[in-house]
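Structure file model_4.cif (mmCIF, C-alpha atoms and all ligand atoms) follows.
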data_coords
loop_
_atom_site.label_atom_id
_atom_site.label_comp_id
_atom_site.auth_asym_id
_atom_site.auth_seq_id
_atom_site.Cartn_x
_atom_site.Cartn_y
_atom_site.Cartn_z
CA MET A 26 204.10 -24.72 0.60
CA ARG A 27 207.04 -25.12 -1.69
CA VAL A 28 206.31 -27.25 -4.73
CA TRP A 29 208.54 -29.65 -6.62
CA ASN A 30 210.27 -28.82 -9.89
CA ALA A 31 208.08 -28.93 -12.97
CA PRO A 32 209.01 -31.30 -15.79
CA GLU A 33 209.47 -29.79 -19.20
CA VAL A 34 206.47 -30.28 -21.46
CA PRO A 35 207.41 -29.85 -25.10
CA ALA A 36 204.92 -28.34 -27.51
CA VAL A 37 203.58 -30.84 -30.03
CA PRO A 38 202.84 -29.36 -33.43
CA ARG A 39 199.35 -29.88 -34.81
CA PRO A 40 198.98 -30.66 -38.47
CA ASP A 41 196.83 -28.04 -40.17
CA GLY A 42 193.15 -28.74 -39.97
CA THR A 43 193.30 -30.92 -36.85
CA ALA A 44 190.53 -29.87 -34.52
CA VAL A 45 191.48 -28.87 -30.98
CA ASP A 46 189.08 -30.73 -28.75
CA VAL A 47 188.53 -30.41 -25.04
CA PRO A 48 188.76 -33.69 -23.16
CA LEU A 49 185.72 -35.79 -22.37
CA LEU A 50 185.78 -36.80 -18.73
CA TYR A 51 183.52 -39.05 -16.70
CA ASP A 52 181.57 -36.95 -14.22
CA THR A 53 180.63 -38.80 -11.04
CA ALA A 54 177.65 -36.51 -10.34
CA SER A 55 175.89 -37.00 -13.68
CA GLY A 56 177.26 -40.48 -14.35
CA GLN A 57 178.17 -39.43 -17.87
CA LEU A 58 181.08 -38.45 -20.03
CA VAL A 59 181.05 -34.66 -20.21
CA GLU A 60 183.27 -32.08 -21.84
CA ALA A 61 185.80 -30.76 -19.34
CA ARG A 62 185.63 -27.37 -21.01
CA PRO A 63 187.60 -24.57 -19.36
CA ASP A 64 186.51 -20.94 -19.52
CA ASP A 65 189.72 -19.20 -20.51
CA VAL A 66 191.83 -21.08 -17.99
CA ALA A 67 191.29 -24.69 -16.90
CA ARG A 68 190.86 -24.62 -13.12
CA LEU A 69 191.63 -27.89 -11.36
CA TYR A 70 191.60 -28.90 -7.71
CA VAL A 71 192.88 -32.30 -6.64
CA CYS A 72 192.83 -33.45 -3.02
CA GLY A 73 196.36 -33.81 -1.68
CA ILE A 74 197.94 -36.24 0.75
CA THR A 75 197.60 -36.65 4.46
CA PRO A 76 201.33 -36.80 5.12
CA TYR A 77 201.75 -39.61 7.61
CA ASP A 78 203.15 -42.31 5.35
CA ALA A 79 205.07 -42.08 2.14
CA THR A 80 203.63 -41.98 -1.37
CA HIS A 81 202.25 -45.36 -2.42
CA LEU A 82 201.31 -46.41 -5.92
CA GLY A 83 197.63 -45.65 -5.31
CA HIS A 84 198.47 -42.01 -4.60
CA ALA A 85 200.79 -41.93 -7.59
CA ALA A 86 198.10 -43.37 -9.90
CA THR A 87 195.56 -40.76 -8.78
CA TYR A 88 197.95 -37.82 -9.25
CA LEU A 89 199.05 -39.25 -12.59
CA ALA A 90 195.43 -39.32 -13.80
CA PHE A 91 195.07 -35.60 -13.18
CA ASP A 92 198.54 -34.96 -14.57
CA THR A 93 197.33 -36.56 -17.80
CA LEU A 94 194.24 -34.35 -17.79
CA GLN A 95 196.45 -31.27 -17.51
CA ARG A 96 198.68 -32.44 -20.34
CA VAL A 97 195.62 -32.89 -22.55
CA TRP A 98 194.36 -29.41 -21.69
CA ARG A 99 197.76 -27.88 -22.32
CA ASP A 100 198.04 -29.70 -25.63
CA ALA A 101 194.65 -28.22 -26.58
CA GLY A 102 196.07 -24.75 -25.89
CA TYR A 103 194.60 -24.05 -22.46
CA ARG A 104 196.45 -22.59 -19.53
CA VAL A 105 195.87 -24.60 -16.36
CA HIS A 106 195.49 -23.28 -12.83
CA TYR A 107 196.01 -26.20 -10.49
CA ALA A 108 195.53 -26.18 -6.73
CA GLN A 109 196.17 -28.97 -4.23
CA ASN A 110 195.97 -29.14 -0.44
CA ILE A 111 197.97 -30.96 2.19
CA THR A 112 196.00 -32.33 5.13
CA ASP A 113 198.80 -31.64 7.58
CA VAL A 114 196.51 -31.64 10.61
CA ASP A 115 194.01 -34.47 10.94
CA ASP A 116 193.22 -37.41 13.21
CA PRO A 117 195.18 -40.14 11.36
CA LEU A 118 198.33 -38.01 11.20
CA LEU A 119 198.10 -37.09 14.90
CA GLU A 120 197.40 -40.71 15.83
CA ARG A 121 200.42 -41.95 13.87
CA ALA A 122 202.63 -39.30 15.46
CA ALA A 123 201.42 -40.27 18.93
CA GLN A 124 201.93 -44.01 18.28
CA THR A 125 205.47 -43.57 17.04
CA GLY A 126 206.43 -40.84 19.51
CA VAL A 127 207.31 -38.43 16.71
CA ASP A 128 206.30 -34.78 16.72
CA TRP A 129 203.34 -34.46 14.30
CA ARG A 130 204.88 -31.44 12.54
CA ALA A 131 208.17 -33.25 11.97
CA LEU A 132 206.31 -36.31 10.65
CA ALA A 133 204.25 -34.18 8.24
CA ASP A 134 207.26 -32.23 6.97
CA GLU A 135 209.29 -35.37 6.38
CA GLN A 136 206.45 -37.03 4.47
CA ILE A 137 205.64 -33.93 2.42
CA ASP A 138 209.27 -33.79 1.40
CA LEU A 139 209.28 -37.42 0.34
CA PHE A 140 206.04 -36.90 -1.63
CA ARG A 141 207.60 -33.94 -3.46
CA ARG A 142 210.62 -36.03 -4.42
CA ASP A 143 208.41 -38.89 -5.64
CA MET A 144 206.21 -36.56 -7.68
CA GLU A 145 209.25 -34.92 -9.25
CA ALA A 146 210.79 -38.28 -10.13
CA LEU A 147 207.53 -39.34 -11.77
CA ARG A 148 207.40 -36.08 -13.75
CA ILE A 149 204.03 -35.10 -12.30
CA LEU A 150 203.19 -31.45 -12.96
CA PRO A 151 203.23 -29.54 -9.67
CA PRO A 152 200.25 -27.45 -8.53
CA ASP A 153 200.40 -23.67 -8.88
CA ASP A 154 199.03 -23.40 -5.37
CA TYR A 155 200.18 -26.03 -2.91
CA VAL A 156 198.46 -25.20 0.35
CA ALA A 157 198.75 -26.88 3.72
CA VAL A 158 195.80 -26.68 6.09
CA THR A 159 198.05 -25.16 8.75
CA GLU A 160 198.66 -22.24 6.37
CA VAL A 161 194.96 -21.35 6.19
CA ILE A 162 193.69 -21.95 9.72
CA GLU A 163 192.54 -18.33 10.01
CA GLN A 164 190.52 -18.50 6.76
CA ILE A 165 188.91 -21.81 7.74
CA GLY A 166 188.00 -20.37 11.16
CA ARG A 167 186.42 -17.38 9.39
CA ALA A 168 184.50 -19.59 6.96
CA THR A 169 183.18 -21.61 9.92
CA SER A 170 182.08 -18.47 11.68
CA ILE A 171 180.32 -17.23 8.50
CA LEU A 172 178.40 -20.52 8.30
CA LEU A 173 177.44 -20.15 11.99
CA ASP A 174 176.19 -16.59 11.32
CA ARG A 175 174.16 -17.78 8.35
CA GLY A 176 172.52 -20.55 10.34
CA MET A 177 174.16 -23.32 8.30
CA ALA A 178 176.33 -24.51 11.20
CA TYR A 179 175.79 -25.11 14.92
CA ARG A 180 177.83 -25.63 18.03
CA LEU A 181 177.97 -28.85 19.97
CA GLY A 182 180.17 -28.32 23.03
CA ASP A 183 183.37 -26.72 21.73
CA ASP A 184 182.89 -28.21 18.27
CA VAL A 185 181.07 -26.78 15.26
CA TYR A 186 179.05 -28.92 12.83
CA PHE A 187 177.73 -28.24 9.35
CA ASP A 188 173.94 -28.30 9.24
CA ILE A 189 173.17 -30.35 6.13
CA GLN A 190 169.46 -29.61 6.20
CA ALA A 191 169.91 -25.84 6.59
CA ALA A 192 172.49 -25.78 3.79
CA GLN A 193 170.22 -27.72 1.46
CA ASP A 194 167.45 -25.22 2.16
CA ALA A 195 169.64 -22.19 1.50
CA ALA A 196 172.37 -23.18 -0.96
CA PRO A 197 172.46 -24.67 -4.47
CA TRP A 198 173.42 -28.09 -3.20
CA VAL A 199 171.64 -31.36 -2.43
CA LEU A 200 173.14 -34.20 -0.40
CA GLY A 201 173.51 -37.30 -2.58
CA GLU A 202 173.60 -35.46 -5.88
CA GLU A 203 177.28 -36.09 -6.37
CA SER A 204 177.61 -39.59 -4.91
CA GLY A 205 174.15 -40.92 -5.81
CA LEU A 206 174.24 -42.98 -2.60
CA ASP A 207 171.32 -43.95 -0.39
CA ARG A 208 171.24 -42.89 3.23
CA ALA A 209 172.18 -46.25 4.73
CA THR A 210 175.33 -46.37 2.61
CA MET A 211 176.13 -42.77 3.50
CA LEU A 212 175.84 -43.57 7.20
CA ALA A 213 178.13 -46.58 6.86
CA LEU A 214 180.73 -44.66 4.83
CA SER A 215 180.60 -41.69 7.16
CA ALA A 216 181.49 -43.93 10.12
CA GLU A 217 184.25 -45.62 8.11
CA ARG A 218 185.80 -42.45 6.72
CA GLY A 219 186.34 -40.06 9.59
CA GLY A 220 182.75 -39.06 10.39
CA ASP A 221 180.94 -39.51 13.71
CA PRO A 222 177.33 -40.45 12.87
CA ASP A 223 176.80 -41.91 16.34
CA ARG A 224 177.65 -38.79 18.28
CA ALA A 225 174.71 -37.68 20.39
CA GLY A 226 173.30 -34.19 19.94
CA LYS A 227 173.85 -33.74 16.21
CA ARG A 228 170.92 -32.48 14.18
CA ASP A 229 171.59 -35.06 11.47
CA PRO A 230 173.96 -38.00 12.11
CA LEU A 231 175.63 -37.17 8.76
CA ASP A 232 176.42 -33.55 9.71
CA PRO A 233 180.21 -33.26 9.44
CA LEU A 234 182.60 -31.45 11.73
CA LEU A 235 183.66 -27.99 10.56
CA TRP A 236 185.73 -27.04 13.56
CA ARG A 237 187.02 -29.21 16.39
CA GLY A 238 187.45 -27.56 19.77
CA PRO A 239 190.71 -27.99 21.70
CA ARG A 240 191.52 -31.40 23.17
CA PRO A 241 194.38 -32.24 25.53
CA GLY A 242 197.45 -33.31 23.59
CA GLU A 243 196.15 -32.02 20.23
CA PRO A 244 197.36 -28.92 18.43
CA SER A 245 194.90 -26.04 18.31
CA TRP A 246 194.76 -22.45 17.10
CA PRO A 247 192.71 -19.40 17.98
CA SER A 248 190.20 -18.40 15.29
CA GLU A 249 186.91 -16.61 14.70
CA ALA A 250 185.22 -19.96 15.34
CA GLY A 251 187.01 -20.24 18.70
CA GLU A 252 190.09 -22.21 19.73
CA GLY A 253 190.56 -25.49 17.87
CA ARG A 254 191.44 -26.98 14.51
CA PRO A 255 189.63 -27.48 11.19
CA GLY A 256 187.44 -30.42 10.29
CA TRP A 257 188.39 -32.30 7.13
CA HIS A 258 186.04 -31.32 4.28
CA ILE A 259 186.07 -27.59 4.96
CA GLU A 260 189.81 -27.37 4.24
CA CYS A 261 189.32 -28.33 0.61
CA SER A 262 186.30 -26.04 0.16
CA VAL A 263 188.20 -23.03 1.54
CA ILE A 264 191.48 -23.69 -0.27
CA ALA A 265 189.68 -24.29 -3.58
CA LEU A 266 187.54 -21.14 -3.22
CA MET A 267 190.55 -19.03 -2.22
CA HIS A 268 192.71 -20.07 -5.13
CA LEU A 269 190.39 -21.16 -7.93
CA GLY A 270 187.14 -19.37 -7.13
CA ARG A 271 183.71 -20.93 -7.33
CA ASP A 272 182.34 -23.15 -10.07
CA PHE A 273 185.76 -24.24 -11.30
CA THR A 274 186.39 -26.75 -14.08
CA VAL A 275 187.22 -30.07 -12.38
CA GLN A 276 187.48 -31.36 -8.84
CA GLY A 277 189.46 -34.56 -8.62
CA GLY A 278 190.64 -37.26 -6.27
CA GLY A 279 190.43 -40.98 -5.69
CA SER A 280 187.03 -42.70 -5.62
CA ASP A 281 187.39 -43.25 -1.86
CA LEU A 282 186.77 -39.51 -1.53
CA VAL A 283 183.41 -39.35 -3.33
CA PHE A 284 181.56 -39.71 -0.04
CA PRO A 285 181.65 -38.07 2.38
CA HIS A 286 184.61 -35.87 1.50
CA HIS A 287 183.76 -34.49 -1.93
CA GLU A 288 180.04 -34.48 -1.41
CA LEU A 289 180.43 -32.40 1.77
CA SER A 290 183.27 -30.20 0.43
CA ALA A 291 180.87 -29.26 -2.36
CA GLY A 292 178.15 -28.60 0.25
CA HIS A 293 180.40 -26.33 2.33
CA ALA A 294 181.54 -24.42 -0.76
CA ALA A 295 177.97 -23.95 -2.00
CA ALA A 296 176.95 -22.73 1.44
CA LEU A 297 179.83 -20.23 1.45
CA SER A 298 179.73 -18.98 -2.12
CA GLY A 299 176.15 -19.55 -3.26
CA HIS A 300 177.47 -21.49 -6.27
CA PRO A 301 178.42 -25.05 -7.06
CA LEU A 302 182.01 -25.96 -6.22
CA ALA A 303 182.95 -27.40 -9.61
CA ARG A 304 181.47 -28.41 -12.93
CA VAL A 305 182.92 -31.89 -13.19
CA TYR A 306 183.63 -34.27 -10.31
CA SER A 307 186.24 -36.74 -11.44
CA HIS A 308 187.45 -39.79 -9.55
CA ALA A 309 190.29 -42.24 -10.04
CA GLY A 310 189.84 -45.93 -9.23
CA MET A 311 191.53 -47.66 -6.32
CA VAL A 312 194.82 -49.49 -6.66
CA ALA A 313 194.99 -52.73 -4.68
CA TYR A 314 197.88 -54.91 -3.54
CA ASP A 315 197.67 -58.38 -2.01
CA GLY A 316 193.97 -58.40 -2.86
CA LYS A 317 193.02 -55.28 -0.88
CA LYS A 318 192.90 -51.52 -1.48
CA MET A 319 196.41 -50.19 -0.96
CA SER A 320 196.13 -48.08 2.14
CA LYS A 321 198.22 -46.67 4.87
CA SER A 322 195.88 -48.02 7.50
CA LEU A 323 196.17 -51.62 6.19
CA GLY A 324 199.88 -51.31 5.56
CA ASN A 325 199.82 -53.21 2.21
CA LEU A 326 201.83 -50.53 0.49
CA VAL A 327 204.16 -50.42 -2.45
CA LEU A 328 205.98 -47.13 -2.12
CA VAL A 329 207.25 -45.09 -5.03
CA SER A 330 210.35 -44.31 -3.00
CA GLY A 331 210.83 -48.03 -2.27
CA LEU A 332 210.76 -48.90 -5.96
CA ARG A 333 213.15 -46.05 -6.71
CA GLU A 334 215.53 -47.25 -4.01
CA GLN A 335 215.47 -50.68 -5.64
CA GLY A 336 216.68 -48.99 -8.80
CA ALA A 337 213.44 -48.77 -10.81
CA ASP A 338 213.54 -46.19 -13.60
CA PRO A 339 210.72 -43.75 -12.70
CA ARG A 340 209.63 -43.88 -16.34
CA THR A 341 208.82 -47.57 -15.93
CA ILE A 342 206.78 -46.84 -12.80
CA ARG A 343 204.90 -44.22 -14.76
CA LEU A 344 204.35 -46.56 -17.71
CA ALA A 345 203.16 -49.35 -15.42
CA LEU A 346 200.54 -46.99 -13.96
CA LEU A 347 199.51 -45.60 -17.35
CA ALA A 348 198.81 -49.15 -18.53
CA HIS A 349 195.59 -49.06 -16.48
CA HIS A 350 192.63 -46.85 -17.16
CA TYR A 351 192.47 -44.25 -14.39
CA ARG A 352 188.85 -45.00 -13.59
CA SER A 353 189.19 -48.75 -13.09
CA ASP A 354 190.07 -50.44 -9.83
CA TRP A 355 193.09 -52.63 -10.39
CA GLU A 356 195.73 -54.61 -8.56
CA TRP A 357 199.46 -54.00 -8.63
CA PHE A 358 201.65 -57.01 -9.33
CA ASP A 359 205.40 -56.81 -9.01
CA SER A 360 205.72 -58.11 -12.59
CA ALA A 361 204.21 -54.84 -13.86
CA LEU A 362 207.59 -53.16 -13.74
CA ASP A 363 209.16 -55.83 -15.95
CA GLU A 364 206.41 -55.37 -18.54
CA ALA A 365 206.89 -51.61 -18.43
CA ARG A 366 210.64 -52.03 -18.86
CA LEU A 367 210.09 -54.11 -22.03
CA ARG A 368 207.71 -51.51 -23.36
CA LEU A 369 210.11 -48.65 -22.68
CA THR A 370 212.92 -50.52 -24.41
CA ALA A 371 210.75 -51.23 -27.46
CA TRP A 372 209.74 -47.59 -27.72
CA GLN A 373 213.29 -46.38 -27.28
CA SER A 374 214.59 -48.69 -29.92
CA ALA A 375 211.86 -47.59 -32.36
CA ILE A 376 212.76 -43.97 -31.74
CA SER A 377 216.44 -44.60 -32.29
CA ARG A 378 215.98 -46.00 -35.80
CA ARG A 379 216.46 -42.96 -37.94
CA ALA A 380 215.69 -42.67 -41.59
CA ASP A 381 218.56 -41.58 -43.83
CA GLU A 382 216.27 -39.50 -45.92
CA VAL A 383 212.84 -38.02 -45.44
CA ASP A 384 210.24 -40.65 -46.16
CA ALA A 385 206.82 -39.10 -46.74
CA GLU A 386 204.95 -42.24 -45.79
CA ALA A 387 206.78 -42.63 -42.49
CA ALA A 388 206.09 -38.99 -41.68
CA LEU A 389 202.39 -39.58 -42.29
CA GLU A 390 202.46 -42.61 -39.99
CA GLU A 391 204.07 -40.54 -37.27
CA ALA A 392 201.38 -37.88 -37.60
CA ALA A 393 198.71 -40.60 -37.55
CA LEU A 394 200.14 -42.10 -34.36
CA VAL A 395 200.14 -38.73 -32.63
CA ALA A 396 196.52 -38.22 -33.71
CA ARG A 397 195.66 -41.62 -32.19
CA ILE A 398 197.37 -40.77 -28.91
CA ARG A 399 195.49 -37.48 -28.77
CA ALA A 400 192.16 -39.12 -29.58
CA ALA A 401 192.65 -41.83 -26.93
CA LEU A 402 193.54 -39.34 -24.20
CA ARG A 403 190.75 -37.00 -25.12
CA ASN A 404 188.35 -39.91 -24.61
CA ASP A 405 188.26 -39.98 -20.80
CA LEU A 406 192.05 -40.18 -20.51
CA ASP A 407 192.30 -43.59 -22.14
CA THR A 408 195.99 -44.13 -21.53
CA PRO A 409 195.92 -47.93 -22.14
CA SER A 410 194.74 -47.29 -25.72
CA ALA A 411 197.37 -44.60 -26.19
CA LEU A 412 200.08 -47.02 -25.01
CA ARG A 413 198.82 -49.75 -27.34
CA ALA A 414 198.87 -47.33 -30.27
CA VAL A 415 202.55 -46.60 -29.60
CA ASP A 416 203.27 -50.33 -29.18
CA GLN A 417 201.73 -51.08 -32.57
CA TRP A 418 203.63 -48.29 -34.24
CA ALA A 419 206.91 -49.34 -32.61
CA ALA A 420 206.32 -52.98 -33.65
CA THR A 421 206.19 -52.04 -37.33
CA ARG A 422 209.86 -51.08 -36.96
CA PRO A 423 209.55 -47.77 -38.72
CA ALA A 424 212.44 -45.46 -39.32
CA VAL A 425 211.79 -42.17 -37.59
CA VAL A 426 211.83 -39.11 -39.81
CA THR A 427 210.51 -36.39 -37.48
CA ASP A 428 210.70 -35.74 -33.77
CA LEU A 429 206.90 -35.62 -33.54
CA VAL A 430 206.48 -39.00 -31.85
CA PRO A 431 209.03 -38.58 -29.05
CA ARG A 432 207.71 -35.09 -28.45
CA ALA A 433 204.14 -36.34 -28.15
CA ILE A 434 205.17 -39.21 -25.86
CA ASP A 435 207.00 -36.74 -23.64
CA ALA A 436 204.31 -34.03 -23.67
CA LEU A 437 201.21 -36.22 -23.39
CA LEU A 438 202.42 -39.30 -21.54
CA GLY A 439 205.26 -37.69 -19.59
CA ILE A 440 207.84 -40.21 -20.79
CA PRO A 441 210.98 -38.62 -22.22
CA LEU A 442 212.68 -40.97 -24.69
CA ALA A 443 215.98 -40.35 -26.38
CA THR A 444 215.29 -37.77 -29.07
CA ALA A 445 215.20 -38.79 -32.68
CA ARG A 446 217.89 -36.46 -33.89
N1 LIG B 1 194.21 -35.61 2.41
C1 LIG B 1 193.07 -36.34 1.98
C2 LIG B 1 192.33 -35.65 0.85
S1 LIG B 1 191.89 -34.01 1.28
C3 LIG B 1 193.47 -37.76 1.52
O1 LIG B 1 192.60 -38.50 1.13
N2 LIG B 1 194.77 -38.06 1.64
S2 LIG B 1 195.39 -39.50 1.27
O2 LIG B 1 196.80 -39.35 1.51
O3 LIG B 1 194.72 -40.51 1.98
O4 LIG B 1 195.13 -39.74 -0.25
C4 LIG B 1 195.67 -38.87 -1.21
C5 LIG B 1 195.01 -39.13 -2.57
O5 LIG B 1 195.30 -40.47 -3.00
C6 LIG B 1 193.48 -39.03 -2.53
O6 LIG B 1 193.03 -38.43 -3.74
C7 LIG B 1 193.03 -40.47 -2.45
O7 LIG B 1 191.75 -40.64 -3.03
C8 LIG B 1 194.10 -41.17 -3.28
N3 LIG B 1 194.29 -42.59 -2.89
C9 LIG B 1 194.49 -43.07 -1.65
N4 LIG B 1 194.62 -44.43 -1.68
C10 LIG B 1 194.50 -44.80 -2.99
C11 LIG B 1 194.54 -46.06 -3.69
N5 LIG B 1 194.75 -47.21 -3.07
N6 LIG B 1 194.38 -46.04 -5.05
C12 LIG B 1 194.18 -44.86 -5.71
N7 LIG B 1 194.15 -43.65 -5.10
C13 LIG B 1 194.30 -43.61 -3.76
ZN ZN B 2 190.29 -33.02 -0.03
#

Would you mind writing the file's structure down as structure tokens?
Amino acid sequence: MRVWNAPEVPAVPRPDGTAVDVPLLYDTASGQLVEARPDDVARLYVCGITPYDATHLGHAATYLAFDTLQRVWRDAGYRVHYAQNITDVDDPLLERAAQTGVDWRALADEQIDLFRRDMEALRILPPDDYVAVTEVIEQIGRATSILLDRGMAYRLGDDVYFDIQAAQDAAPWVLGEESGLDRATMLALSAERGGDPDRAGKRDPLDPLLWRGPRPGEPSWPSEAGEGRPGWHIECSVIALMHLGRDFTVQGGGSDLVFPHHELSAGHAAALSGHPLARVYSHAGMVAYDGKKMSKSLGNLVLVSGLREQGADPRTIRLALLAHHYRSDWEWFDSALDEARLRLTAWQSAISRRADEVDAEAALEEAALVARIRAALRNDLDTPSALRAVDQWAATRPAVVTDLVPRAIDALLGIPLATAR
């Protein structure tokens, strides 16, 4: 799929002797901060949208977290290979299309387009590979048929299920290793998040659907697994393996995807490739509104496009999101934009005060601020600390002598300010 335009990311000079560190990132599987160390290239997969309702601030916060990770990698000198999917065929999208009497394809295309515009406005780096499920039906059908041949999948009527037990016996993967959840919680979450633990005839109630046979009124395609359409988790396994290969650097998404989606995507990928899917499993917290998780199904949404239509500067939306640590669950309040606006103004005014002559001490302070921003972001993407460091610097009313600070704020935080000179 076509991507959105990439923002410019200026290079930020590094004073001699400053170490280039890889970021530390919290890994859901090990429950620890680990080095997100790329091989030569940082390979990142982040689960994309199901395009049935426009980008809300929860989506934006999650994509911004992984945007920040990429900016930190790039600043450390790594090239990034970033892949993202679009779940453009799935139950909730088809249900919404049916309810509203809109063609599902038209609904998906319209929402994908809106998402692209929102991401571009927020200066989120686009993926190198932006892949819709409907573009890889053939490959998913083939992967399903391979798993059937290897005895790690089975048919139930026209549908095909992943055999968790068989995969655990044959592949380097264990159910629960990523999420750390007990079985009762897994069963509850499976039922809540698209699974069908109560369906009769499954070998294990948690076995997820790999391929769904044709149903009246639903789109379907011919494939090596038969006529039908892909299940959910397999799309991300196949797209990630196709574009990033196995054992890539980081798999990301919101924490609502830890189970079953990421746990089972990792299982499918291990069953297909014989290797773990990724090294680090990283998850962003949930953004709430009106006291509940912001979600399309509840309808308590604040849309990026809605805020933009009301005239919000996308930089203030970005700053309001960056004010929260990506891993915490937090609630959006409408006042957040006002606070972000004040912050942006303070930063802009600090940047606009130019020194008449080069002041060695001010130059040192600028370098020290950039070092603080880098250190905060390297430490599990601690954007709130980075923002506070800039606030403190701006509050001292310095006169700017280099363009280091605005460059760093643009490159690392994605906020272009007026340049210093
Ligand atoms: N298409 C699937 C992933 S393959 C999906 O979950 N789509 S989504 O549109 O529902 O969500 C897109 C991304 O936004 C996911 O990473 C999800 O975890 C994240 N997300 C959804 N709601 C929130 C929220 N309230 N706060 C933070 N992130 C959220
Ligand atoms: Zn996914």

Nearby residues, ligand ZN 2 (chain B), 12 Å, only C-alpha atoms and all ligand atoms, as a ChimeraX atom specification = /A:70-75,108-113,115,156-158,256-265,276-291

Nearest to ligand LIG 1 (chain B), chosen from A:Leu173, A:Ala401, A:Val415, A:Leu82, with all atoms listed in the file counted in the distances | A:Leu82

Atom CA of A:Met144 to atom CA of A:Arg343, distance in Å rounded to a single decimal = 10.5 Å

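Taking all atoms listed in the file into account, A:Asp154 lies nearest to A:Leu69 out of the set A:Ser360, A:Pro63, A:Leu69, A:Arg340.
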
Polymer residues at most 10 Å from A:Arg27, all atoms listed in the file, same-chain spacing of 6 or more positions, as number ranges by chain | A: 137-138, 141, 151-156

For the residues in that selection, give me C-alpha atoms as an mmCIF file, in the coordinates of the input.
data_model
loop_
_atom_site.group_PDB
_atom_site.id
_atom_site.type_symbol
_atom_site.label_atom_id
_atom_site.label_comp_id
_atom_site.auth_asym_id
_atom_site.auth_seq_id
_atom_site.Cartn_x
_atom_site.Cartn_y
_atom_site.Cartn_z
ATOM 1 C CA ILE A 137 205.640 -33.930 2.420
ATOM 2 C CA ASP A 138 209.270 -33.790 1.400
ATOM 3 C CA ARG A 141 207.600 -33.940 -3.460
ATOM 4 C CA PRO A 151 203.230 -29.540 -9.670
ATOM 5 C CA PRO A 152 200.250 -27.450 -8.530
ATOM 6 C CA ASP A 153 200.400 -23.670 -8.880
ATOM 7 C CA ASP A 154 199.030 -23.400 -5.370
ATOM 8 C CA TYR A 155 200.180 -26.030 -2.910
ATOM 9 C CA VAL A 156 198.460 -25.200 0.350
#

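Between atom CA of A:Arg240 and atom CA of A:Met26 the separation is 26.7 Å.
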
Contacts of stretch 422-424 of chain A at 7 Å (all atoms listed in the file; same-chain gap of 5+ positions) as a PyMOL selection string = chain A and resi 375+378-380+387

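Taking atom CA of A:Leu132 and atom CA of A:Asp354 as endpoints, the distance between them is 29.7 Å.
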
Find the spatial neighbours of A:Trp372, counting all atoms listed in the file, within a cut-off of 12 Å - ignore same-chain residues fewer than 5 positions away - and output them as an MDAnalysis selection string.
-> chainID A and resid 340:341 344 365:367 377:378 412:423 425 430:431 434:435 440:445

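Neighbours of stretch 225-237 of chain A closer than or equal to 7 Å, with only C-alpha atoms counted and sequence neighbours fewer than 2 positions away skipped, come out as Thr169, Asp183, Asp184, Val185, Tyr186, Phe187, Asp188, Ile189, Leu212, Ser215, Gly220, Pro222, Asp223, Pro239, Gly253, Arg254, Pro255, Gly256 and Ile259 of chain A.
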
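Proximity to A:Asp46 was assessed for A:Gly126, A:Gly102, A:Gly83, A:Gly292 counting all atoms listed in the file; the smallest distance is recorded for A:Gly102.
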
Taking into account only C-alpha atoms and all ligand atoms, which residue in the set A:Glu356, A:Glu145, A:Glu364, A:Glu217 is nearest to ligand LIG 1 (chain B)?
-> A:Glu356

Selection near A:Asp194, 12 Å with only C-alpha atoms, sequence-local residues under 3 positions removed, as an mmCIF file with C-alpha atoms, in the frame of the given file:
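Final output, part-v6.cif:
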data_model
loop_
_atom_site.group_PDB
_atom_site.id
_atom_site.type_symbol
_atom_site.label_atom_id
_atom_site.label_comp_id
_atom_site.auth_asym_id
_atom_site.auth_seq_id
_atom_site.Cartn_x
_atom_site.Cartn_y
_atom_site.Cartn_z
ATOM 1 C CA ARG A 175 174.160 -17.780 8.350
ATOM 2 C CA GLY A 176 172.520 -20.550 10.340
ATOM 3 C CA MET A 177 174.160 -23.320 8.300
ATOM 4 C CA ASP A 188 173.940 -28.300 9.240
ATOM 5 C CA ILE A 189 173.170 -30.350 6.130
ATOM 6 C CA GLN A 190 169.460 -29.610 6.200
ATOM 7 C CA ALA A 191 169.910 -25.840 6.590
ATOM 8 C CA PRO A 197 172.460 -24.670 -4.470
ATOM 9 C CA TRP A 198 173.420 -28.090 -3.200
ATOM 10 C CA VAL A 199 171.640 -31.360 -2.430
ATOM 11 C CA LEU A 200 173.140 -34.200 -0.400
ATOM 12 C CA GLY A 292 178.150 -28.600 0.250
ATOM 13 C CA ALA A 295 177.970 -23.950 -2.000
ATOM 14 C CA ALA A 296 176.950 -22.730 1.440
ATOM 15 C CA GLY A 299 176.150 -19.550 -3.260
#

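Counting all atoms listed in the file and comparing A:Ala36, A:Ala31, A:Val45, A:Ala168, the residue that lies closest to A:Arg142 is A:Ala31.
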
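Distances here use only C-alpha atoms and all ligand atoms; by that measure, the residue among A:Ala337, A:Ala388, A:Val105, A:Leu326 closest to ligand LIG 1 (chain B) is A:Leu326.
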
Around all the atoms of stretch 269-278 of chain A listed in the file, with 5 Å of room on each side, what axis-aligned box do you get, giving centre and edge lengths in Å to one decimal, as JSON?
{"center_x": 186.5, "center_y": -28.3, "center_z": -10.2, "size_x": 18.3, "size_y": 27.9, "size_z": 17.8}
